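S.K.: Okay, so here is query-v7.cif, and as you'll see once you scroll down, it has mmCIF, C-alpha atoms.
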```cif
data_my_file
#
loop_
_atom_site.group_PDB
_atom_site.id
_atom_site.type_symbol
_atom_site.label_atom_id
_atom_site.label_comp_id
_atom_site.auth_asym_id
_atom_site.auth_seq_id
_atom_site.Cartn_x
_atom_site.Cartn_y
_atom_site.Cartn_z
ATOM 1 C CA MET A 205 91.638 67.630 148.389
ATOM 2 C CA ASP A 206 91.824 65.472 151.499
ATOM 3 C CA THR A 207 94.559 62.884 151.030
ATOM 4 C CA VAL A 208 94.632 59.988 153.461
ATOM 5 C CA THR A 209 96.845 56.945 154.018
ATOM 6 C CA LYS A 210 95.375 53.858 155.636
ATOM 7 C CA MET A 211 97.009 50.752 156.970
ATOM 8 C CA VAL A 212 95.196 47.449 156.425
ATOM 9 C CA VAL A 213 96.468 44.821 158.866
ATOM 10 C CA ILE A 214 95.540 41.274 157.872
ATOM 11 C CA ASN A 215 95.261 38.580 160.512
ATOM 12 C CA SER A 216 93.340 35.953 158.617
ATOM 13 C CA SER A 217 93.650 32.275 157.775
ATOM 14 C CA LYS A 218 91.803 32.859 154.478
ATOM 15 C CA LEU A 219 93.587 35.896 153.089
ATOM 16 C CA LEU A 220 97.124 36.962 152.281
ATOM 17 C CA PRO A 221 98.270 40.550 151.763
ATOM 18 C CA SER A 222 98.867 39.680 148.081
ATOM 19 C CA ASP A 223 95.192 38.583 147.685
ATOM 20 C CA VAL A 224 94.009 41.912 149.045
ATOM 21 C CA ALA A 225 96.476 43.828 146.872
ATOM 22 C CA ILE A 226 95.234 41.976 143.760
ATOM 23 C CA LYS A 227 91.627 42.721 144.728
ATOM 24 C CA MET A 228 92.558 46.404 145.027
ATOM 25 C CA TYR A 229 94.075 46.410 141.533
ATOM 26 C CA GLU A 230 90.942 44.688 140.189
ATOM 27 C CA LEU A 231 88.767 47.493 141.567
ATOM 28 C CA LYS A 232 90.820 49.980 139.483
ATOM 29 C CA ALA A 233 90.508 52.759 142.048
ATOM 30 C CA ASP A 234 92.754 55.805 141.829
ATOM 31 C CA VAL A 235 94.898 54.905 144.850
ATOM 32 C CA MET A 236 98.484 53.925 145.613
ATOM 33 C CA VAL A 237 98.808 50.433 147.100
ATOM 34 C CA LYS A 238 101.863 48.983 148.847
ATOM 35 C CA GLU A 239 102.016 45.373 149.961
ATOM 36 C CA THR A 240 103.814 44.839 153.270
ATOM 37 C CA CYS A 241 104.501 41.956 155.657
ATOM 38 C CA PHE A 242 101.489 42.814 157.866
ATOM 39 C CA GLY A 243 99.029 43.715 155.100
ATOM 40 C CA ILE A 244 98.798 46.657 152.737
ATOM 41 C CA ILE A 245 99.072 50.435 152.841
ATOM 42 C CA VAL A 246 96.609 52.408 150.722
ATOM 43 C CA SER A 247 96.993 56.094 149.909
ATOM 44 C CA GLY A 248 94.622 58.349 148.011
ATOM 45 C CA GLU A 249 91.684 60.718 148.259
ATOM 46 C CA ARG A 250 89.535 60.115 151.346
ATOM 47 C CA SER A 251 86.389 59.977 149.205
ATOM 48 C CA VAL A 252 87.955 57.075 147.228
ATOM 49 C CA VAL A 253 89.862 55.256 149.982
ATOM 50 C CA ASP A 254 87.046 55.003 152.569
ATOM 51 C CA PRO A 255 84.428 53.261 150.343
ATOM 52 C CA LEU A 256 87.167 51.092 148.824
ATOM 53 C CA LEU A 257 88.274 49.815 152.221
ATOM 54 C CA LEU A 258 84.654 49.188 153.218
ATOM 55 C CA ASN A 259 84.520 46.762 150.273
ATOM 56 C CA ILE A 260 87.874 45.232 151.153
ATOM 57 C CA ARG A 261 86.806 44.635 154.762
ATOM 58 C CA LYS A 262 83.959 42.446 153.453
ATOM 59 C CA LEU A 263 86.556 39.901 152.220
ATOM 60 C CA ASP A 264 87.111 38.881 155.845
ATOM 61 C CA PRO A 265 85.314 41.131 158.350
ATOM 62 C CA TYR A 266 86.979 39.442 161.320
ATOM 63 C CA GLY A 267 90.477 39.231 159.850
ATOM 64 C CA ILE A 268 90.980 42.742 158.481
ATOM 65 C CA PHE A 269 91.809 45.657 160.777
ATOM 66 C CA ILE A 270 92.204 49.205 159.491
ATOM 67 C CA LYS A 271 93.761 52.351 160.896
ATOM 68 C CA GLU A 272 94.936 55.653 159.507
ATOM 69 C CA ARG A 273 98.655 56.271 159.014
ATOM 70 C CA GLY A 274 100.392 59.637 159.076
ATOM 71 C CA PHE A 275 103.070 58.811 156.534
ATOM 72 C CA SER A 276 102.335 57.755 152.965
ATOM 73 C CA PRO A 277 104.041 54.624 151.530
ATOM 74 C CA GLY A 278 107.751 55.123 150.880
ATOM 75 C CA GLU A 279 107.861 58.481 152.688
ATOM 76 C CA PRO A 280 111.596 59.392 152.895
ATOM 77 C CA TYR A 281 111.263 60.577 156.534
ATOM 78 C CA ARG A 282 110.229 57.138 157.673
ATOM 79 C CA CYS A 283 111.045 54.647 154.902
ATOM 80 C CA ARG A 284 113.633 52.169 156.169
ATOM 81 C CA ALA A 285 115.376 52.170 152.803
ATOM 82 C CA THR A 286 116.586 55.737 153.443
ATOM 83 C CA ARG A 287 117.136 55.326 157.192
ATOM 84 C CA ARG A 288 119.482 52.305 157.043
ATOM 85 C CA GLY A 289 116.914 49.817 158.340
ATOM 86 C CA GLY A 290 115.582 49.327 161.852
ATOM 87 C CA ALA A 291 112.027 49.385 163.118
ATOM 88 C CA LYS A 292 109.998 52.393 162.054
ATOM 89 C CA PRO A 293 108.282 54.466 164.748
ATOM 90 C CA GLY A 294 104.908 52.940 165.462
ATOM 91 C CA PHE A 295 106.061 49.407 164.661
ATOM 92 C CA HIS A 296 106.386 48.371 168.290
ATOM 93 C CA ASN A 297 102.778 49.221 169.095
ATOM 94 C CA LEU A 298 101.624 47.468 165.939
ATOM 95 C CA GLU A 299 103.648 44.376 166.896
ATOM 96 C CA ASN A 300 102.230 44.497 170.416
ATOM 97 C CA GLU A 301 98.622 44.762 169.234
ATOM 98 C CA ASP A 302 99.077 42.239 166.429
ATOM 99 C CA LYS A 303 99.342 39.486 169.066
ATOM 100 C CA LEU A 304 95.873 40.409 170.357
ATOM 101 C CA LEU A 305 94.142 40.446 166.966
ATOM 102 C CA PRO A 306 93.117 36.729 166.979
ATOM 103 C CA HIS A 307 91.407 37.320 170.365
ATOM 104 C CA ILE A 308 89.688 40.466 169.077
ATOM 105 C CA ALA A 309 88.539 38.581 165.951
ATOM 106 C CA SER A 310 86.923 35.812 168.021
ATOM 107 C CA ALA A 311 85.389 38.443 170.325
ATOM 108 C CA LEU A 312 83.830 40.174 167.299
ATOM 109 C CA LYS A 313 82.441 36.817 166.109
ATOM 110 C CA ALA A 314 80.965 36.210 169.574
ATOM 111 C CA LEU A 315 79.446 39.692 169.572
ATOM 112 C CA ASP A 316 77.782 39.037 166.190
ATOM 113 C CA ARG A 317 76.377 35.761 167.581
ATOM 114 C CA GLY A 318 74.808 37.823 170.375
ATOM 115 C CA GLU A 319 76.923 36.345 173.156
ATOM 116 C CA ILE A 320 77.014 38.401 176.329
ATOM 117 C CA PRO A 321 80.304 37.700 178.097
ATOM 118 C CA VAL A 322 80.498 37.457 181.847
ATOM 119 C CA GLU A 323 83.272 39.446 183.439
ATOM 120 C CA LYS A 324 85.464 37.492 185.815
ATOM 121 C CA LYS A 325 85.993 38.961 189.231
ATOM 122 C CA GLN A 326 89.516 40.286 189.514
ATOM 123 C CA LYS A 327 91.572 39.263 192.497
ATOM 124 C CA LYS A 328 92.037 42.097 194.957
ATOM 125 C CA LYS A 329 95.542 43.149 195.906
ATOM 126 C CA LEU A 330 96.689 42.202 199.420
ATOM 127 C CA ASP A 331 95.572 44.757 201.980
ATOM 128 C CA ILE A 332 98.435 46.471 203.841
ATOM 129 C CA ASP A 333 96.874 45.764 207.286
ATOM 130 C CA LYS A 334 96.498 42.091 206.383
ATOM 131 C CA LEU A 335 100.184 41.995 205.369
ATOM 132 C CA ARG A 336 101.175 43.573 208.701
ATOM 133 C CA GLU A 337 99.181 40.908 210.555
ATOM 134 C CA ILE A 338 100.933 38.147 208.592
ATOM 135 C CA ILE A 339 104.364 39.643 209.375
ATOM 136 C CA LYS A 340 103.511 39.994 213.085
ATOM 137 C CA GLY A 341 102.191 36.434 213.182
ATOM 138 C CA SER A 342 105.390 35.033 211.627
ATOM 139 C CA GLU A 343 107.557 37.053 214.056
ATOM 140 C CA GLU A 344 105.628 35.697 217.018
ATOM 141 C CA LEU A 345 106.204 32.128 215.787
ATOM 142 C CA LYS A 346 109.985 32.682 215.922
ATOM 143 C CA MET B 215 80.609 61.224 167.241
ATOM 144 C CA LYS B 216 84.316 61.978 167.496
ATOM 145 C CA VAL B 217 85.893 59.494 169.877
ATOM 146 C CA PHE B 218 89.348 60.123 171.346
ATOM 147 C CA ILE B 219 91.341 56.927 171.756
ATOM 148 C CA TYR B 220 94.189 56.207 174.131
ATOM 149 C CA PRO B 221 96.819 54.864 173.312
ATOM 150 C CA THR B 222 96.448 57.452 170.573
ATOM 151 C CA ASN B 223 97.963 55.253 167.841
ATOM 152 C CA SER B 224 96.096 52.058 168.731
ATOM 153 C CA LEU B 225 95.090 49.878 165.771
ATOM 154 C CA ILE B 226 92.503 47.914 167.767
ATOM 155 C CA LEU B 227 90.734 50.963 169.227
ATOM 156 C CA SER B 228 90.843 52.910 165.956
ATOM 157 C CA ASP B 229 89.384 49.928 164.051
ATOM 158 C CA LEU B 230 86.660 49.203 166.617
ATOM 159 C CA VAL B 231 85.523 52.843 166.793
ATOM 160 C CA GLU B 232 85.272 53.010 162.980
ATOM 161 C CA ARG B 233 83.602 49.586 162.823
ATOM 162 C CA PHE B 234 80.849 50.707 165.201
ATOM 163 C CA GLY B 235 80.111 53.840 163.161
ATOM 164 C CA HIS B 236 82.053 56.607 164.866
ATOM 165 C CA GLU B 237 85.072 58.692 163.988
ATOM 166 C CA PRO B 238 88.302 57.826 165.854
ATOM 167 C CA LEU B 239 90.514 60.755 166.887
ATOM 168 C CA ALA B 240 94.005 59.319 166.581
ATOM 169 C CA ILE B 241 97.469 60.882 166.549
ATOM 170 C CA MET B 242 98.083 59.586 162.992
ATOM 171 C CA GLN B 243 95.688 62.216 161.606
ATOM 172 C CA GLU B 244 97.719 65.037 163.142
ATOM 173 C CA VAL B 245 101.051 63.508 162.077
ATOM 174 C CA GLY B 246 99.605 63.137 158.554
ATOM 175 C CA LYS B 247 98.700 66.840 158.444
ATOM 176 C CA LYS B 248 102.274 67.762 159.402
ATOM 177 C CA VAL B 249 103.739 65.384 156.821
ATOM 178 C CA ARG B 250 101.591 66.862 154.058
ATOM 179 C CA THR B 251 102.442 70.461 155.062
ATOM 180 C CA GLN B 252 105.147 71.972 152.873
ATOM 181 C CA GLY B 253 108.229 73.479 154.499
ATOM 182 C CA LEU B 254 108.862 71.087 157.385
ATOM 183 C CA ASP B 255 112.194 69.249 157.181
ATOM 184 C CA SER B 256 111.424 66.232 159.307
ATOM 185 C CA PRO B 257 107.841 66.106 160.562
ATOM 186 C CA PRO B 258 106.643 65.469 163.225
ATOM 187 C CA MET B 259 110.008 66.160 164.902
ATOM 188 C CA ASN B 260 110.021 69.680 163.390
ATOM 189 C CA MET B 261 107.550 72.283 164.544
ATOM 190 C CA THR B 262 105.952 75.381 163.093
ATOM 191 C CA PRO B 263 106.091 78.654 165.069
ATOM 192 C CA GLU B 264 102.425 78.102 165.936
ATOM 193 C CA ASP B 265 102.947 74.720 167.617
ATOM 194 C CA PRO B 266 104.584 75.866 170.902
ATOM 195 C CA LYS B 267 101.551 78.104 171.497
ATOM 196 C CA PHE B 268 99.276 75.059 171.493
ATOM 197 C CA GLY B 269 101.656 73.275 173.873
ATOM 198 C CA LEU B 270 101.792 76.270 176.228
ATOM 199 C CA LYS B 271 98.012 76.122 176.584
ATOM 200 C CA TYR B 272 98.492 72.994 178.701
ATOM 201 C CA ALA B 273 101.953 73.164 180.248
ATOM 202 C CA ALA B 274 104.153 75.977 181.565
ATOM 203 C CA VAL B 275 107.385 76.987 179.853
ATOM 204 C CA GLU B 276 109.573 75.210 182.450
ATOM 205 C CA VAL B 277 107.877 71.869 181.704
ATOM 206 C CA PRO B 278 110.080 69.651 179.463
ATOM 207 C CA SER B 279 109.788 70.621 175.808
ATOM 208 C CA GLY B 280 108.826 67.033 174.916
ATOM 209 C CA VAL B 281 105.600 67.398 176.902
ATOM 210 C CA ARG B 282 104.736 70.708 175.237
ATOM 211 C CA GLY B 283 105.623 69.348 171.792
ATOM 212 C CA ARG B 284 103.433 66.285 172.307
ATOM 213 C CA MET B 285 100.610 68.426 173.672
ATOM 214 C CA SER B 286 100.725 70.564 170.532
ATOM 215 C CA LEU B 287 99.901 67.395 168.573
ATOM 216 C CA PHE B 288 97.211 66.301 171.047
ATOM 217 C CA ASP B 289 95.548 69.733 171.258
ATOM 218 C CA PRO B 290 93.358 69.456 168.119
ATOM 219 C CA LEU B 291 92.293 65.939 169.161
ATOM 220 C CA LEU B 292 91.451 66.892 172.739
ATOM 221 C CA SER B 293 89.501 69.964 171.669
ATOM 222 C CA LYS B 294 87.433 67.935 169.166
ATOM 223 C CA ALA B 295 86.810 64.944 171.488
ATOM 224 C CA GLU B 296 83.140 64.250 172.226
ATOM 225 C CA ALA B 297 83.797 60.905 173.926
ATOM 226 C CA ALA B 298 86.875 58.899 174.871
ATOM 227 C CA ILE B 299 88.039 55.314 175.224
ATOM 228 C CA VAL B 300 91.078 54.905 177.454
ATOM 229 C CA VAL B 301 93.080 51.733 177.928
ATOM 230 C CA THR B 302 94.732 51.984 181.319
ATOM 231 C CA GLU B 303 98.446 51.305 181.629
ATOM 232 C CA PRO B 304 99.159 50.100 178.085
ATOM 233 C CA VAL B 305 102.535 48.386 177.706
ATOM 234 C CA ILE B 306 103.527 50.706 174.877
ATOM 235 C CA SER B 307 103.401 53.859 176.996
ATOM 236 C CA PHE B 308 105.876 52.420 179.508
ATOM 237 C CA GLY B 309 109.537 53.389 179.321
ATOM 238 C CA CYS B 310 111.294 55.314 176.598
ATOM 239 C CA MET B 311 108.577 54.641 173.996
ATOM 240 C CA GLY B 312 106.122 56.874 175.811
ATOM 241 C CA CYS B 313 106.152 60.079 177.797
ATOM 242 C CA ALA B 314 104.642 59.363 181.226
ATOM 243 C CA ARG B 315 103.963 63.018 182.053
ATOM 244 C CA THR B 316 102.144 63.657 178.760
ATOM 245 C CA ASN B 317 100.075 60.512 179.252
ATOM 246 C CA GLU B 318 99.117 61.583 182.782
ATOM 247 C CA LEU B 319 98.243 65.069 181.554
ATOM 248 C CA VAL B 320 96.106 63.708 178.683
ATOM 249 C CA ASN B 321 94.177 61.435 181.064
ATOM 250 C CA PHE B 322 93.738 64.310 183.528
ATOM 251 C CA LEU B 323 92.403 66.604 180.780
ATOM 252 C CA LEU B 324 90.010 63.901 179.545
ATOM 253 C CA ARG B 325 88.597 63.426 183.043
ATOM 254 C CA GLY B 326 88.166 67.197 183.347
ATOM 255 C CA LYS B 327 86.312 67.498 180.041
ATOM 256 C CA LYS B 328 83.202 65.750 181.425
ATOM 257 C CA ILE B 329 82.647 63.737 178.240
ATOM 258 C CA PRO B 330 81.492 60.076 178.124
ATOM 259 C CA LEU B 331 84.598 58.109 179.081
ATOM 260 C CA LEU B 332 85.240 54.369 178.998
ATOM 261 C CA ARG B 333 88.236 52.992 180.877
ATOM 262 C CA LEU B 334 89.436 49.434 180.236
ATOM 263 C CA ASP B 335 92.478 47.172 180.420
ATOM 264 C CA TYR B 336 94.073 45.501 177.400
ATOM 265 C CA PRO B 337 92.859 41.894 177.140
ATOM 266 C CA ASN B 338 95.307 39.022 177.578
ATOM 267 C CA THR B 339 92.988 36.074 176.930
ATOM 268 C CA GLU B 340 90.062 35.314 174.610
ATOM 269 C CA GLU B 341 87.549 35.685 177.460
ATOM 270 C CA GLU B 342 88.964 39.079 178.406
ATOM 271 C CA ALA B 343 88.868 40.140 174.736
ATOM 272 C CA LYS B 344 85.145 39.264 174.574
ATOM 273 C CA VAL B 345 84.447 41.524 177.564
ATOM 274 C CA PHE B 346 86.705 44.233 176.057
ATOM 275 C CA VAL B 347 84.901 44.268 172.687
ATOM 276 C CA TYR B 348 81.439 43.961 174.285
ATOM 277 C CA LYS B 349 82.059 46.949 176.589
ATOM 278 C CA ILE B 350 83.358 49.067 173.699
ATOM 279 C CA SER B 351 80.390 48.144 171.471
ATOM 280 C CA GLU B 352 77.861 48.968 174.220
ATOM 281 C CA PHE B 353 79.631 52.263 174.943
ATOM 282 C CA LEU B 354 79.722 53.274 171.276
ATOM 283 C CA LYS B 355 76.088 52.255 170.726
ATOM 284 C CA SER B 356 75.094 54.593 173.548
ATOM 285 C CA LEU B 357 76.645 57.563 171.675
ATOM 286 C CA LYS B 358 75.089 59.483 168.776
ATOM 287 C CA PRO B 359 76.223 58.205 165.320
ATOM 288 C CA ALA B 360 79.039 60.058 163.498
ATOM 289 C CA GLU B 361 78.410 62.434 160.599
ATOM 290 C CA VAL B 362 79.607 61.152 157.215
ATOM 291 C CA LYS B 363 82.891 62.796 156.066
ATOM 292 C CA LYS B 364 82.838 64.290 152.551
#
```
Mind turning the file's structure into C-alpha cells?
M.R.:
Amino acid sequence: MDTVTKMVVINSSKLLPSDVAIKMYELKADVMVKETCFGIIVSGERSVVDPLLLNIRKLDPYGIFIKERGFSPGEPYRCRATRRGGAKPGFHNLENEDKLLPHIASALKALDRGEIPVEKKQKKKLDIDKLREIIKGSEELK
Amino acid sequence: MKVFIYPTNSLILSDLVERFGHEPLAIMQEVGKKVRTQGLDSPPMNMTPEDPKFGLKYAAVEVPSGVRGRMSLFDPLLSKAEAAIVVTEPVISFGCMGCARTNELVNFLLRGKKIPLLRLDYPNTEEEAKVFVYKISEFLKSLKPAEVKK
C-alpha cells in the first residue's frame, strides 16, 4: 500500500477550488479531499490518486499545478488548528511561487503554440578595474 | 527518469517535471515516509537511530547537527537522482528559512555526480518565464522517459 498526499494549487480564472472538489466527489474515487484557500489536498492510494489528478488537470491544464505533500490533510503535527494558528512550514515557498504561476501558465501556453523564446542578454556586473579607473578619474578632477 | 529538483520543495519544478513525463525527486516524498512511519513523535523533527548514519555519510560529526539532519533526508533523493534541475539563489533558501551550508553541500554533490544538470534563475517577468519553461522542457525531452509507478 503506497499512500500519497498531493496538493493541487489552482491559479485559474475559470475554476475555483470548490469546482474541483465537486468534480472529485463526482468521480467517486476512494480518496480524501480537503478544500483549501489555494486549491485542494487529495490523499489516497497512489494508484488511485495519480490517474484521478491526470483527469482533474484536464479541467484547466494551464491553471492547475500539482505537487506531492508530506503531511496528509489535518495531520496533527502540522494542522494549524492544533498549533494555535500561524503559517505552516512550506507555506512561505508556496506563497512565493504562487506569484509566478500566471507567468508559468502563459509560458506553457506559448510552449504549446510552438513559440521559441529569445533570451535577453543579461547586463554584466561592473568590472573591478573599470571601477578603479572611474574612482581615479573622479579624484583627478578634484 | 528520476529528476532531482532544487529548491527541493518547489511546486513549479515538481509540476513541470511531472508534466513533461518524468519523476520529480522532492523532499516531500521523504517527509511523507517519516510521517507515515509509526513511532516518531514529531516527524520530520524527530529522527530514527538510522538517520544520523545517512547524515554522517556527507558531513563530519563536528558539522552542525542541522546539516547532518537535513542530509539524512536528502540522502535517498541524491542517491536516486539521474538528472537535476537547480534554480540558483532562490529567495526561499535565504535567511532562517534555509540552511546555507546544506544548500551549498547539495549543489556541490550534484556537480560531483556527473549527471545531466540544468541551472537556471527564477523568472521575474513573463518573458523570463517563457525562457525558463522552454529550457526545462528541452532539457527534460533530452532525457529518457520515466518508468510508470505501480
S.K.: Can you pull out the residues contacting Ile226 in chain A? Cut-off 12 Å, using only C-alpha atoms, and skip same-chain residues under 6 positions away; I want them as number ranges by chain.
M.R.: A: 219-220, 232-233, 237-239, 244, 260
S.K.: Within 7 Å of chain B, which residues of chain A come that close, and what is the closest atom pair and distance in Å for each? Count all atoms listed in the file and give it as CSV.
M.R.:
```
residue,atom,partner,partner_atom,distance
A:Ser251,CA,B:Lys364,CA,6.5
A:Phe269,CA,B:Asp229,CA,5.9
A:Ile270,CA,B:Asp229,CA,5.4
A:Lys271,CA,B:Leu225,CA,5.6
A:Glu272,CA,B:Met242,CA,6.1
A:Arg273,CA,B:Met242,CA,5.2
A:Gly274,CA,B:Gly246,CA,3.6
A:Phe275,CA,B:Gly246,CA,5.9
A:Tyr281,CA,B:Ser256,CA,6.3
A:Asn297,CA,B:Ile306,CA,6.0
A:Leu298,CA,B:Leu225,CA,7.0
A:His307,CA,B:Glu340,CA,4.9
A:Ile308,CA,B:Ala343,CA,5.7
A:Ala311,CA,B:Lys344,CA,4.3
A:Leu312,CA,B:Val347,CA,6.9
A:Leu315,CA,B:Tyr348,CA,6.7
A:Pro321,CA,B:Val345,CA,5.7
A:Glu323,CA,B:Val345,CA,6.3
```
S.K.: To test your reading of the syntax: which residues would the PyMOL selection byres ((chain B and resi 319) around 12) return for the file shown? Reply as JSON, numbers by chain.
M.R.: {"B": [269, 272, 273, 277, 281, 282, 284, 285, 288, 289, 292, 313, 314, 315, 316, 317, 318, 320, 321, 322, 323, 324, 325, 326]}
S.K.: Could you write out the selected residues, including C-alpha atoms, as an mmCIF file, in the frame of the given file?
M.R.:
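Written out: again-v2.cif:
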```cif
data_model
loop_
_atom_site.group_PDB
_atom_site.id
_atom_site.type_symbol
_atom_site.label_atom_id
_atom_site.label_comp_id
_atom_site.auth_asym_id
_atom_site.auth_seq_id
_atom_site.Cartn_x
_atom_site.Cartn_y
_atom_site.Cartn_z
ATOM 1 C CA GLY B 269 101.656 73.275 173.873
ATOM 2 C CA TYR B 272 98.492 72.994 178.701
ATOM 3 C CA ALA B 273 101.953 73.164 180.248
ATOM 4 C CA VAL B 277 107.877 71.869 181.704
ATOM 5 C CA VAL B 281 105.600 67.398 176.902
ATOM 6 C CA ARG B 282 104.736 70.708 175.237
ATOM 7 C CA ARG B 284 103.433 66.285 172.307
ATOM 8 C CA MET B 285 100.610 68.426 173.672
ATOM 9 C CA PHE B 288 97.211 66.301 171.047
ATOM 10 C CA ASP B 289 95.548 69.733 171.258
ATOM 11 C CA LEU B 292 91.451 66.892 172.739
ATOM 12 C CA CYS B 313 106.152 60.079 177.797
ATOM 13 C CA ALA B 314 104.642 59.363 181.226
ATOM 14 C CA ARG B 315 103.963 63.018 182.053
ATOM 15 C CA THR B 316 102.144 63.657 178.760
ATOM 16 C CA ASN B 317 100.075 60.512 179.252
ATOM 17 C CA GLU B 318 99.117 61.583 182.782
ATOM 18 C CA VAL B 320 96.106 63.708 178.683
ATOM 19 C CA ASN B 321 94.177 61.435 181.064
ATOM 20 C CA PHE B 322 93.738 64.310 183.528
ATOM 21 C CA LEU B 323 92.403 66.604 180.780
ATOM 22 C CA LEU B 324 90.010 63.901 179.545
ATOM 23 C CA ARG B 325 88.597 63.426 183.043
ATOM 24 C CA GLY B 326 88.166 67.197 183.347
#
```
S.K.: Measuring atom to atom with only C-alpha atoms, identify which of A:Asp331, A:Asp316, A:Asp206, A:Glu299 is nearest to Glu249 in chain A.
M.R.: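 Closest candidate: A:Asp206.
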S.K.: In Å, with one decimal, what is the gap from CA of Ile219 in chain B to CA of Leu256 in chain A?
M.R.: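 According to the coordinates, CA of Ile219 in chain B and CA of Leu256 in chain A are separated by 24.0 Å.
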S.K.: Figure out the distance between CA of Lys294 in chain B and CA of Ser356 in chain B, please, to one decimal in Å.
M.R.: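 CA of Lys294 in chain B lies 18.7 Å from CA of Ser356 in chain B.
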S.K.: Complete range 321-332 of chain A with N, CA and C atoms (output as a tab-separated table (two decimals), in the frame of the given file).
M.R.:
```
chain	number	residue	atom	x	y	z
A	321	PRO	N	79.27	38.30	177.24
A	321	PRO	CA	80.30	37.70	178.10
A	321	PRO	C	80.14	38.08	179.57
A	322	VAL	N	80.56	37.19	180.41
A	322	VAL	CA	80.50	37.46	181.85
A	322	VAL	C	81.90	37.83	182.33
A	323	GLU	N	81.97	38.97	182.99
A	323	GLU	CA	83.27	39.45	183.44
A	323	GLU	C	83.70	38.69	184.69
A	324	LYS	N	84.94	38.21	184.64
A	324	LYS	CA	85.46	37.49	185.82
A	324	LYS	C	85.84	38.49	186.90
A	325	LYS	N	85.61	38.07	188.13
A	325	LYS	CA	85.99	38.96	189.23
A	325	LYS	C	87.51	38.98	189.35
A	326	GLN	N	88.06	40.19	189.40
A	326	GLN	CA	89.52	40.29	189.51
A	326	GLN	C	89.94	40.13	190.97
A	327	LYS	N	91.07	39.46	191.14
A	327	LYS	CA	91.57	39.26	192.50
A	327	LYS	C	92.02	40.60	193.07
A	328	LYS	N	91.63	40.84	194.31
A	328	LYS	CA	92.04	42.10	194.96
A	328	LYS	C	93.48	41.99	195.42
A	329	LYS	N	94.17	43.15	195.41
A	329	LYS	CA	95.54	43.15	195.91
A	329	LYS	C	95.52	42.98	197.43
A	330	LEU	N	96.61	42.45	197.96
A	330	LEU	CA	96.69	42.20	199.42
A	330	LEU	C	96.62	43.52	200.18
A	331	ASP	N	95.73	43.56	201.16
A	331	ASP	CA	95.57	44.76	201.98
A	331	ASP	C	96.80	44.95	202.87
A	332	ILE	N	97.21	46.19	203.07
A	332	ILE	CA	98.44	46.47	203.84
A	332	ILE	C	98.29	46.03	205.30
```
